[in-house]
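Novice: You'll find work00.txt just under this line, and it carries compact mmCIF, C-alpha atoms.
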```txt
# COMPACT_ATOMS: atom_id res chain seq x y z
CA MET A 1 -6.33 -14.49 -41.39
CA GLU A 2 -10.02 -15.04 -42.16
CA GLN A 3 -9.05 -15.53 -45.81
CA SER A 4 -6.46 -18.21 -45.07
CA PRO A 5 -7.08 -21.75 -46.32
CA GLU A 6 -6.71 -23.08 -42.77
CA PHE A 7 -9.40 -20.76 -41.42
CA LYS A 8 -11.81 -21.68 -44.22
CA ALA A 9 -11.19 -25.40 -43.76
CA GLN A 10 -11.54 -25.38 -39.99
CA VAL A 11 -14.68 -23.25 -39.81
CA ARG A 12 -16.29 -25.46 -42.44
CA LEU A 13 -15.65 -28.48 -40.22
CA LEU A 14 -16.92 -26.65 -37.13
CA ALA A 15 -20.05 -25.49 -38.96
CA ASP A 16 -20.76 -29.07 -40.01
CA ALA A 17 -20.25 -30.17 -36.40
CA GLY A 18 -22.65 -27.46 -35.24
CA ARG A 19 -25.40 -28.66 -37.53
CA GLU A 20 -24.98 -32.29 -36.50
CA LEU A 21 -24.84 -31.57 -32.76
CA ALA A 22 -27.79 -29.17 -32.95
CA ASP A 23 -29.81 -31.82 -34.78
CA ARG A 24 -29.16 -34.14 -31.83
CA GLY A 25 -30.62 -31.56 -29.45
CA TRP A 26 -27.34 -30.86 -27.68
CA LEU A 27 -27.19 -27.12 -28.47
CA PRO A 28 -30.48 -25.48 -27.45
CA ALA A 29 -31.11 -21.73 -27.49
CA ARG A 30 -27.84 -20.73 -29.20
CA THR A 31 -25.75 -22.39 -26.48
CA GLY A 32 -22.39 -24.07 -26.95
CA HIS A 33 -19.04 -22.99 -28.29
CA PHE A 34 -16.64 -24.54 -30.79
CA SER A 35 -13.03 -23.78 -31.63
CA ALA A 36 -10.20 -25.10 -33.78
CA ARG A 37 -6.50 -24.36 -33.96
CA LEU A 38 -5.23 -22.32 -36.91
CA ASP A 39 -1.54 -22.21 -35.98
CA ASP A 40 0.61 -22.22 -32.85
CA GLN A 41 -0.75 -18.84 -31.69
CA HIS A 42 -4.30 -18.53 -33.04
CA ILE A 43 -7.65 -20.29 -32.91
CA ALA A 44 -10.97 -19.83 -34.68
CA ILE A 45 -13.89 -19.77 -32.25
CA THR A 46 -17.62 -19.22 -32.52
CA ALA A 47 -18.80 -15.70 -31.82
CA PRO A 48 -21.19 -15.45 -28.84
CA GLY A 49 -24.92 -15.90 -29.29
CA ARG A 50 -24.96 -17.61 -32.69
CA SER A 51 -27.29 -20.45 -33.63
CA LYS A 52 -25.03 -23.43 -34.05
CA ASP A 53 -27.18 -25.06 -36.72
CA LEU A 54 -26.72 -22.06 -39.02
CA LEU A 55 -23.01 -21.32 -38.72
CA ASP A 56 -20.94 -19.94 -41.56
CA ALA A 57 -17.58 -18.16 -41.72
CA HIS A 58 -19.13 -14.88 -40.49
CA ASP A 59 -20.06 -16.56 -37.19
CA PHE A 60 -16.43 -17.14 -36.21
CA MET A 61 -13.69 -14.91 -34.91
CA VAL A 62 -9.94 -15.38 -34.63
CA VAL A 63 -8.31 -14.90 -31.23
CA ASP A 64 -4.76 -15.37 -30.03
CA LEU A 65 -3.82 -17.52 -27.05
CA GLU A 66 -4.00 -14.49 -24.77
CA GLY A 67 -7.68 -14.04 -25.61
CA HIS A 68 -7.21 -10.97 -27.82
CA LEU A 69 -9.41 -10.52 -30.88
CA VAL A 70 -7.38 -10.75 -34.10
CA SER A 71 -10.19 -10.66 -36.63
CA GLY A 72 -13.97 -10.85 -36.70
CA SER A 73 -16.70 -8.65 -35.28
CA GLY A 74 -17.72 -8.22 -31.66
CA GLU A 75 -15.88 -9.36 -28.55
CA PRO A 76 -14.77 -12.89 -27.67
CA GLY A 77 -17.13 -14.55 -25.21
CA PRO A 78 -15.99 -15.14 -21.64
CA GLU A 79 -15.84 -18.90 -22.23
CA THR A 80 -13.03 -18.31 -24.71
CA PHE A 81 -10.57 -18.84 -21.86
CA LEU A 82 -11.86 -22.37 -21.30
CA HIS A 83 -10.79 -23.11 -24.86
CA ILE A 84 -7.50 -21.23 -24.70
CA ILE A 85 -6.15 -23.12 -21.69
CA MET A 86 -6.46 -26.37 -23.62
CA TYR A 87 -4.50 -25.10 -26.63
CA ARG A 88 -1.82 -23.69 -24.34
CA ARG A 89 -1.43 -27.07 -22.66
CA ASP A 90 -1.16 -29.23 -25.78
CA ALA A 91 0.50 -28.14 -29.00
CA ASP A 92 -1.12 -31.09 -30.79
CA LEU A 93 -4.65 -30.17 -29.76
CA GLY A 94 -6.78 -29.29 -32.78
CA ALA A 95 -10.34 -28.63 -31.57
CA VAL A 96 -12.52 -28.04 -28.50
CA LEU A 97 -16.28 -28.63 -28.48
CA HIS A 98 -18.79 -27.52 -25.83
CA THR A 99 -22.35 -28.91 -25.74
CA HIS A 100 -25.43 -28.39 -23.55
CA SER A 101 -27.33 -31.67 -23.69
CA ILE A 102 -30.25 -32.36 -21.37
CA HIS A 103 -28.70 -35.50 -19.91
CA GLY A 104 -25.26 -33.99 -19.36
CA THR A 105 -26.78 -30.92 -17.74
CA VAL A 106 -29.07 -32.89 -15.42
CA LEU A 107 -26.24 -35.20 -14.34
CA SER A 108 -23.96 -32.24 -13.70
CA ARG A 109 -26.53 -30.97 -11.18
CA GLN A 110 -27.06 -34.34 -9.51
CA VAL A 111 -23.47 -35.37 -8.82
CA GLY A 112 -20.93 -33.58 -6.71
CA GLY A 113 -17.29 -33.32 -7.67
CA SER A 114 -17.15 -35.98 -10.37
CA LEU A 115 -19.18 -38.48 -12.36
CA LEU A 116 -18.01 -42.09 -12.60
CA LEU A 117 -18.41 -43.68 -16.02
CA ARG A 118 -17.61 -47.40 -16.04
CA ASP A 119 -18.36 -50.56 -18.05
CA TYR A 120 -19.32 -48.70 -21.23
CA GLU A 121 -17.78 -49.84 -24.52
CA ALA A 122 -17.86 -46.17 -25.59
CA LEU A 123 -15.07 -45.51 -23.06
CA ARG A 124 -12.66 -46.95 -25.61
CA GLU A 125 -13.12 -43.73 -27.60
CA LEU A 126 -11.39 -41.81 -24.82
CA PRO A 127 -7.63 -41.66 -24.20
CA GLY A 128 -6.18 -43.79 -21.44
CA CYS A 129 -9.27 -45.99 -21.09
CA GLU A 130 -8.56 -49.16 -23.05
CA HIS A 131 -10.30 -51.22 -20.34
CA PRO A 132 -13.88 -50.02 -19.72
CA THR A 133 -14.10 -51.92 -16.43
CA ARG A 134 -11.64 -49.45 -14.91
CA GLY A 135 -13.82 -46.50 -15.84
CA ILE A 136 -13.05 -42.81 -15.59
CA GLN A 137 -14.01 -39.96 -13.31
CA VAL A 138 -15.39 -36.96 -15.19
CA PRO A 139 -14.80 -33.80 -13.11
CA VAL A 140 -17.83 -31.60 -12.45
CA PHE A 141 -16.92 -27.96 -11.79
CA ALA A 142 -19.24 -25.49 -10.11
CA ASN A 143 -20.21 -22.74 -12.53
CA HIS A 144 -18.55 -19.41 -11.85
CA PRO A 145 -19.25 -15.93 -13.27
CA ASP A 146 -15.51 -15.31 -13.65
CA MET A 147 -14.49 -17.64 -16.48
CA GLN A 148 -10.79 -17.00 -15.92
CA GLN A 149 -11.12 -18.36 -12.39
CA LEU A 150 -13.02 -21.36 -13.69
CA ALA A 151 -10.37 -21.86 -16.38
CA ALA A 152 -7.69 -21.87 -13.66
CA ARG A 153 -9.57 -24.64 -11.82
CA VAL A 154 -9.80 -26.68 -15.00
CA ASP A 155 -6.10 -26.12 -15.66
CA ALA A 156 -5.25 -27.36 -12.16
CA ALA A 157 -7.37 -30.47 -12.71
CA MET A 158 -5.50 -31.14 -15.94
CA ASP A 159 -2.22 -30.88 -14.02
CA ARG A 160 -3.46 -33.62 -11.70
CA ASP A 161 -4.80 -35.79 -14.54
CA PRO A 162 -3.20 -34.99 -17.91
CA ALA A 163 -5.12 -37.85 -19.56
CA LEU A 164 -8.45 -36.17 -18.80
CA ALA A 165 -10.65 -36.22 -21.92
CA GLY A 166 -13.53 -34.02 -20.83
CA TYR A 167 -15.35 -32.35 -17.96
CA LEU A 168 -18.75 -30.99 -17.00
CA ILE A 169 -19.72 -27.60 -15.63
CA SER A 170 -22.66 -27.82 -13.27
CA GLY A 171 -25.89 -26.78 -14.94
CA HIS A 172 -23.92 -25.89 -18.02
CA GLY A 173 -22.61 -28.77 -20.11
CA LEU A 174 -19.71 -30.77 -21.49
CA TYR A 175 -16.28 -29.71 -22.71
CA THR A 176 -14.19 -32.18 -24.67
CA TRP A 177 -11.42 -31.95 -27.28
CA GLY A 178 -9.24 -33.80 -29.74
CA GLN A 179 -6.42 -33.54 -32.24
CA THR A 180 -8.97 -32.82 -34.98
CA VAL A 181 -12.57 -31.64 -35.16
CA GLU A 182 -13.55 -35.17 -36.18
CA ARG A 183 -11.83 -36.66 -33.12
CA ALA A 184 -13.47 -34.12 -30.81
CA MET A 185 -16.83 -35.02 -32.36
CA GLN A 186 -16.26 -38.72 -31.67
CA ARG A 187 -15.48 -37.98 -28.04
CA THR A 188 -18.52 -35.72 -27.75
CA GLU A 189 -20.73 -38.51 -29.06
CA ALA A 190 -19.14 -41.03 -26.68
CA PHE A 191 -19.61 -38.80 -23.65
CA GLU A 192 -23.16 -37.82 -24.55
CA PHE A 193 -24.14 -41.46 -25.14
CA MET A 194 -22.84 -42.41 -21.70
CA PHE A 195 -24.52 -39.40 -20.08
CA GLU A 196 -27.85 -40.49 -21.55
CA CYS A 197 -27.33 -44.05 -20.33
CA GLU A 198 -26.44 -42.83 -16.84
CA SER A 199 -29.42 -40.49 -16.75
CA LEU A 200 -31.85 -43.22 -17.81
CA ALA A 201 -30.33 -45.78 -15.43
CA ARG A 202 -30.92 -43.45 -12.48
CA GLN A 203 -34.63 -43.44 -13.32
CA LEU A 204 -34.93 -47.25 -13.09
CA PRO A 205 -36.03 -48.92 -9.87
CA GLN A 206 -33.10 -50.26 -7.87
```
Do you think you could lay out the structure here as structure tokens?
Specialist:
Amino acid sequence: MEQSPEFKAQVRLLADAGRELADRGWLPARTGHFSARLDDQHIAITAPGRSKDLLDAHDFMVVDLEGHLVSGSGEPGPETFLHIIMYRRDADLGAVLHTHSIHGTVLSRQVGGSLLLRDYEALRELPGCEHPTRGIQVPVFANHPDMQQLAARVDAAMDRDPALAGYLISGHGLYTWGQTVERAMQRTEAFEFMFECESLARQLPQ
């Protein structure tokens, strides 16, 4: 499967995304994970512990939607399940991106339960938010050593709000997704812009 045209195309897009997001400072110390759908049963995902600004095809593995390694070296990282649940939910989903920006991480530690984002034009990049004045609540999940349990919590939140476009893990970072890698990148940029605005606004005198 690593020789398939779809694998080569998707990992090229993910590698480009890795370089751009790392350049923005959102992927320090080899953090973050990216994935893209290959077909209805398989995804390409970054192998654990790789520098995201230097990704090539050897830094990806193929897993099925049960989390089993299909090709590549090593073992899938525990966060693989946070990607898999999204592909199981939506047959049209094409990519999931996970970043570790300073602003997103700090906010995830400051707020409890959820983060309100409202009155930002960038909200128009997210599904179900054509009117920025209405805003959205971004769930913030407590980090958990058992990623399957954390994935179950995320899955339950998606049941309650199927239009959800992203979430934070406390002290950990952002997960967002889209029908393509490009769309997931646009949503990542929108979220991270708003996180930076929120973080800076909280430093201003009231």
Novice: Find the distance between atom CA of Glu79 of chain A and atom CA of Met147 of chain A and write it in Å to one decimal.
Specialist: 6.0 Å
Novice: If you measure from atom CA of Asp119 of chain A to atom CA of Trp26 of chain A, what distance in Å do you get, rounded to one decimal?
Specialist: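 Atom CA of Trp26 of chain A lies at a distance of 23.7 Å from atom CA of Asp119 of chain A.
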Novice: So, with all atoms listed in the file as the atoms that count, which of A:His98, A:Arg19, A:His131, A:Arg24 lies closest to His172 of chain A?
Specialist: A:His98
Novice: Need the shell around segment 29-40 of chain A: protein/DNA/RNA residues with any atom at most 10 Å away, counting only C-alpha atoms. Skip same-chain ones fewer than 5 positions apart. Format as a ChimeraX atom specification?
Specialist: /A:1,4-11,13-15,17-18,21-22,45-54,60-65,77,79-80,83-84,87-88,91-101,172-175,177-181
Novice: Given the point (-6.2, -25.0, -14.1) in the file's coordinates, find the residues that have an atom at most 12 Å from it, counting all atoms listed in the file, and give them as a VMD selection string.
Specialist: chain A and resid 81 to 86 88 to 89 141 147 to 162
Novice: Got time to write the residues from that selection, C-alpha atoms, as a short mmCIF file (atom, residue, chain, number, x, y, z; two decimals), in the coordinates of the input?
Specialist:
```cif
data_model
loop_
_atom_site.label_atom_id
_atom_site.label_comp_id
_atom_site.auth_asym_id
_atom_site.auth_seq_id
_atom_site.Cartn_x
_atom_site.Cartn_y
_atom_site.Cartn_z
CA PHE A 81 -10.57 -18.84 -21.86
CA LEU A 82 -11.86 -22.37 -21.30
CA HIS A 83 -10.79 -23.11 -24.86
CA ILE A 84 -7.50 -21.23 -24.70
CA ILE A 85 -6.15 -23.12 -21.69
CA MET A 86 -6.46 -26.37 -23.62
CA ARG A 88 -1.82 -23.69 -24.34
CA ARG A 89 -1.43 -27.07 -22.66
CA PHE A 141 -16.92 -27.96 -11.79
CA MET A 147 -14.49 -17.64 -16.48
CA GLN A 148 -10.79 -17.00 -15.92
CA GLN A 149 -11.12 -18.36 -12.39
CA LEU A 150 -13.02 -21.36 -13.69
CA ALA A 151 -10.37 -21.86 -16.38
CA ALA A 152 -7.69 -21.87 -13.66
CA ARG A 153 -9.57 -24.64 -11.82
CA VAL A 154 -9.80 -26.68 -15.00
CA ASP A 155 -6.10 -26.12 -15.66
CA ALA A 156 -5.25 -27.36 -12.16
CA ALA A 157 -7.37 -30.47 -12.71
CA MET A 158 -5.50 -31.14 -15.94
CA ASP A 159 -2.22 -30.88 -14.02
CA ARG A 160 -3.46 -33.62 -11.70
CA ASP A 161 -4.80 -35.79 -14.54
CA PRO A 162 -3.20 -34.99 -17.91
#
```
Novice: Closest to Asp16 of chain A among A:Leu117, A:Pro76, A:Glu182, A:Glu192, using all atoms listed in the file?
Specialist: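 Of all the options, A:Glu182 lies closest to Asp16 of chain A.
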Novice: What does the distance from atom CA of Ile43 of chain A to atom CA of Pro127 of chain A come to in Å, to one decimal?
Specialist: 23.1 Å
Novice: Would you compute the box with edges along x, y and z of the file around segment 96-99 of chain A, including every atom the file lists for it and 5 Å extra on each side, and give its centre and edge lengths in Å to one decimal, as lines of an AutoDock Vina configuration file?
Specialist:
```
center_x = -17.4
center_y = -28.2
center_z = -27.1
size_x = 19.8
size_y = 11.4
size_z = 12.8
```
Novice: Which residue, A:Leu116, A:Phe191, A:Ala44, A:Asp146, has the smallest gap to Arg134 of chain A when you use all atoms listed in the file?
Specialist: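 Of the candidates, the smallest distance to Arg134 of chain A is held by A:Leu116.
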Novice: If we count all atoms listed in the file, what is near segment 103-113 of chain A at a cut-off of 9 Å, once residues fewer than 5 positions away on the same chain are taken out, given as an MDAnalysis selection string?
Specialist: chainID A and resid 138:142 168:174 191:192 195:200
Novice: Give me the residues within 12 Å of Arg124 of chain A as an MDAnalysis selection string, counting only C-alpha atoms and dropping any in the same chain fewer than 6 places off.
Specialist: chainID A and resid 117:118 130:136 165 186:187 190:191 194
